[in-house]
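Only one structure is covered here, and it is reproduced in the block below.
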Amino acid sequence: MPTQDGFVGPVHLPLPANTDEPIVDPNVVGLLNFLAFCAKHDVGDKVATMRGPSSSAPITDICPTGHRFPWNHHGGFMREHDVGNADNSLAVPLPGIWGWREGPARRAPEHSTTVFPAASKLIKVHYIFPHLQVPLGIRARSGLLNAIEDSWIRCSEQGYHEDYENGQQLQRLLKWRGWEMVSCEPGEAIVKPGNQVDEGRQRGEGATRRLYPMLEAVFRVVVRVDPPKAVLPQDANTDGTITFSVGDDMNNTLDILNAVLIGPVDQDDS
């Protein structure tokens, strides 16, 4: 009898139950890590040369490893998070990147084969920068989100980065059939009045305004669904060989074709 043990994209089912670890979506984690790498590679060095938005200290890492969260922030991005500090202290994780599943999963017959079905999923991503004051903070960084957007456009079109995971295609690393950027838009996460006096004024009358620049993007990923696997080796549909030979009236034969028949469940199918 076959077993249902297998993968849906990078997710192994049944989920391993041998450790007390959070349940996270490897699709979201893998995408966030790749986007963060590309943004840091393309934009990070420039940002590190600028004075910080709230002090003179520059932001040397525009997307630290501890500031990547595979869940919806629900507006709480400015609150302290567990960012992996050695002393377990909390910190406001800005700049940071959040990602989560959005909308329904759907069958993807155009990416399916007779052996491997496929399904598409949407992942929403928010990249949020520390709050800036209008107008001076914005003036110095008005093109920041556009530059990160361009970085993500390029990396999603190419599907890989030569310096990320030895240049492997992201869809191969995550067992996807494919992926693409659906949309990407710079904007603001929140408008924050400076003090009680400012809150009573109309906008444009001298109130101090601070906002959190935010880049919102949506990606579609297509995951491969593993078929049931054989439990016994003799039940598996493995690779085979085929040989065509010709002979004469002297019982001599000559092989004219040797070929390998690839099994329908090829472990390297991607």
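Here's how to read the names in the structure tokens: chain A, B, ... by the order shown, residue numbers from 1 in each chain, ligand numbers from 1 in the order shown.
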Closest atom pairs, region 20-47 of chain A residues within 9 Å of region 147-157 of chain A, only C-alpha atoms, as a tab-separated table:
residue	atom	partner	partner_atom	distance
A:Phe34	CA	A:Cys155	CA	8.6
A:Leu35	CA	A:Trp152	CA	6.5
A:Cys38	CA	A:Ser151	CA	6.4
A:Ala39	CA	A:Ile148	CA	5.6
A:Lys40	CA	A:Ile148	CA	8.8
A:His41	CA	A:Ser151	CA	8.9
A:Asp42	CA	A:Ser151	CA	6.5
A:Val43	CA	A:Ile148	CA	6.7
### Message
DSSP on the backbone, helix (DSSP H, G or I) only: what residues of region 55-200 of chain A does that give? Format it as a count of residues only.
### Response
37
Tell me which protein, DNA and RNA residues are within 8 Å of Trp176 (chain A), counting only C-alpha atoms, leaving out same-chain ones fewer than 4 positions away, and put them as a PDB file with all heavy atoms, in the first residue's frame.
ATOM      1  N   GLY A   9       4.861  21.377  -2.018  1.00  0.00           N
ATOM      2  CA  GLY A   9       5.913  22.382  -2.076  1.00  0.00           C
ATOM      3  C   GLY A   9       6.996  22.016  -1.073  1.00  0.00           C
ATOM      4  O   GLY A   9       7.427  20.865  -0.995  1.00  0.00           O
ATOM      5  N   PRO A  10       7.447  22.966  -0.232  1.00  0.00           N
ATOM      6  CA  PRO A  10       8.469  22.655   0.768  1.00  0.00           C
ATOM      7  C   PRO A  10       7.906  22.131   2.087  1.00  0.00           C
ATOM      8  O   PRO A  10       8.666  21.862   3.016  1.00  0.00           O
ATOM      9  CB  PRO A  10       9.146  24.012   0.983  1.00  0.00           C
ATOM     10  CG  PRO A  10       8.037  24.996   0.781  1.00  0.00           C
ATOM     11  CD  PRO A  10       7.159  24.413  -0.311  1.00  0.00           C
ATOM     12  N   GLN A 171      12.660  28.505  -7.110  1.00  0.00           N
ATOM     13  CA  GLN A 171      11.598  27.510  -7.222  1.00  0.00           C
ATOM     14  C   GLN A 171      12.136  26.093  -7.058  1.00  0.00           C
ATOM     15  O   GLN A 171      11.422  25.197  -6.595  1.00  0.00           O
ATOM     16  CB  GLN A 171      10.863  27.648  -8.556  1.00  0.00           C
ATOM     17  CG  GLN A 171      11.647  27.250  -9.785  1.00  0.00           C
ATOM     18  CD  GLN A 171      10.809  27.421 -11.042  1.00  0.00           C
ATOM     19  OE1 GLN A 171      10.326  28.509 -11.346  1.00  0.00           O
ATOM     20  NE2 GLN A 171      10.620  26.339 -11.780  1.00  0.00           N
ATOM     21  N   ARG A 172      13.383  25.886  -7.394  1.00  0.00           N
ATOM     22  CA  ARG A 172      13.981  24.563  -7.187  1.00  0.00           C
ATOM     23  C   ARG A 172      14.271  24.332  -5.707  1.00  0.00           C
ATOM     24  O   ARG A 172      14.061  23.233  -5.180  1.00  0.00           O
ATOM     25  CB  ARG A 172      15.255  24.435  -8.009  1.00  0.00           C
ATOM     26  CG  ARG A 172      15.835  23.022  -8.039  1.00  0.00           C
ATOM     27  CD  ARG A 172      17.022  22.943  -8.983  1.00  0.00           C
ATOM     28  NE  ARG A 172      17.510  21.578  -9.098  1.00  0.00           N
ATOM     29  CZ  ARG A 172      17.030  20.675  -9.938  1.00  0.00           C
ATOM     30  NH1 ARG A 172      16.024  20.998 -10.737  1.00  0.00           N
ATOM     31  NH2 ARG A 172      17.525  19.459 -10.000  1.00  0.00           N
ATOM     32  N   VAL A 221       2.869  31.876  -5.871  1.00  0.00           N
ATOM     33  CA  VAL A 221       3.754  30.714  -5.948  1.00  0.00           C
ATOM     34  C   VAL A 221       2.915  29.500  -6.322  1.00  0.00           C
ATOM     35  O   VAL A 221       1.747  29.386  -5.934  1.00  0.00           O
ATOM     36  CB  VAL A 221       4.504  30.475  -4.616  1.00  0.00           C
ATOM     37  CG1 VAL A 221       5.295  31.715  -4.220  1.00  0.00           C
ATOM     38  CG2 VAL A 221       3.555  30.083  -3.499  1.00  0.00           C
ATOM     39  N   VAL A 222       3.500  28.608  -7.100  1.00  0.00           N
ATOM     40  CA  VAL A 222       2.819  27.385  -7.525  1.00  0.00           C
ATOM     41  C   VAL A 222       3.563  26.205  -6.914  1.00  0.00           C
ATOM     42  O   VAL A 222       4.744  25.976  -7.217  1.00  0.00           O
ATOM     43  CB  VAL A 222       2.787  27.261  -9.059  1.00  0.00           C
ATOM     44  CG1 VAL A 222       2.052  25.986  -9.464  1.00  0.00           C
ATOM     45  CG2 VAL A 222       2.116  28.479  -9.679  1.00  0.00           C
ATOM     46  N   VAL A 223       2.886  25.480  -6.024  1.00  0.00           N
ATOM     47  CA  VAL A 223       3.525  24.383  -5.302  1.00  0.00           C
ATOM     48  C   VAL A 223       3.209  23.049  -5.974  1.00  0.00           C
ATOM     49  O   VAL A 223       2.127  22.848  -6.519  1.00  0.00           O
ATOM     50  CB  VAL A 223       3.080  24.345  -3.826  1.00  0.00           C
ATOM     51  CG1 VAL A 223       3.510  25.611  -3.108  1.00  0.00           C
ATOM     52  CG2 VAL A 223       1.568  24.162  -3.701  1.00  0.00           C
ATOM     53  N   ARG A 224       4.171  22.159  -5.917  1.00  0.00           N
ATOM     54  CA  ARG A 224       4.005  20.804  -6.440  1.00  0.00           C
ATOM     55  C   ARG A 224       3.473  19.901  -5.340  1.00  0.00           C
ATOM     56  O   ARG A 224       3.905  19.993  -4.189  1.00  0.00           O
ATOM     57  CB  ARG A 224       5.353  20.276  -6.941  1.00  0.00           C
ATOM     58  CG  ARG A 224       5.282  18.952  -7.667  1.00  0.00           C
ATOM     59  CD  ARG A 224       6.679  18.465  -8.025  1.00  0.00           C
ATOM     60  NE  ARG A 224       7.405  17.983  -6.854  1.00  0.00           N
ATOM     61  CZ  ARG A 224       8.637  17.491  -6.912  1.00  0.00           C
ATOM     62  NH1 ARG A 224       9.280  17.462  -8.054  1.00  0.00           N
ATOM     63  NH2 ARG A 224       9.233  17.051  -5.821  1.00  0.00           N
ATOM     64  N   SER A 270      11.396  19.012 -11.234  1.00  0.00           N
ATOM     65  CA  SER A 270      11.127  20.360 -10.724  1.00  0.00           C
ATOM     66  C   SER A 270      11.140  21.331 -11.882  1.00  0.00           C
ATOM     67  O   SER A 270      11.528  20.997 -12.989  1.00  0.00           O
ATOM     68  CB  SER A 270      12.155  20.760  -9.665  1.00  0.00           C
ATOM     69  OG  SER A 270      13.451  20.734 -10.178  1.00  0.00           O
TER      70      SER A 270
END
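Between CA of Val28 (chain A) and CA of Trp100 (chain A) lies a distance of 6.3 Å.
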### Query
Of the residues A:Gly137, A:Gly103, A:Pro70, A:Gly187, which is the one nearest to Ile23 (chain A), using only C-alpha atoms?
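Using only C-alpha atoms, Ile23 (chain A) sits closest to A:Pro70.
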### Query
Could you pull the residues within 12 Å of Ile138 (chain A), counting only C-alpha atoms, minus those fewer than 4 positions along the same chain, as a PyMOL selection string?
chain A and resi 53+129-134+142-145+187-188+209-213
### Message
Please list as a list in words every residue within 7 Å of region 86-96 of chain A, counting only C-alpha atoms and excluding residues in the same chain fewer than 6 positions away.
### Response
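Residues meeting the cut-off are Ile62, Cys63, His67, Arg68, Met78, Arg79, Glu80, Tyr127, Ile128, Phe129 and Pro130 of chain A.
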### Query
Given the choices A:Ala259, A:Leu215, A:Val115, A:Leu254, which gets closest to Ile242 (chain A) if the distance is worked out from only C-alpha atoms?
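Closest to Ile242 (chain A), using only C-alpha atoms: A:Ala259.
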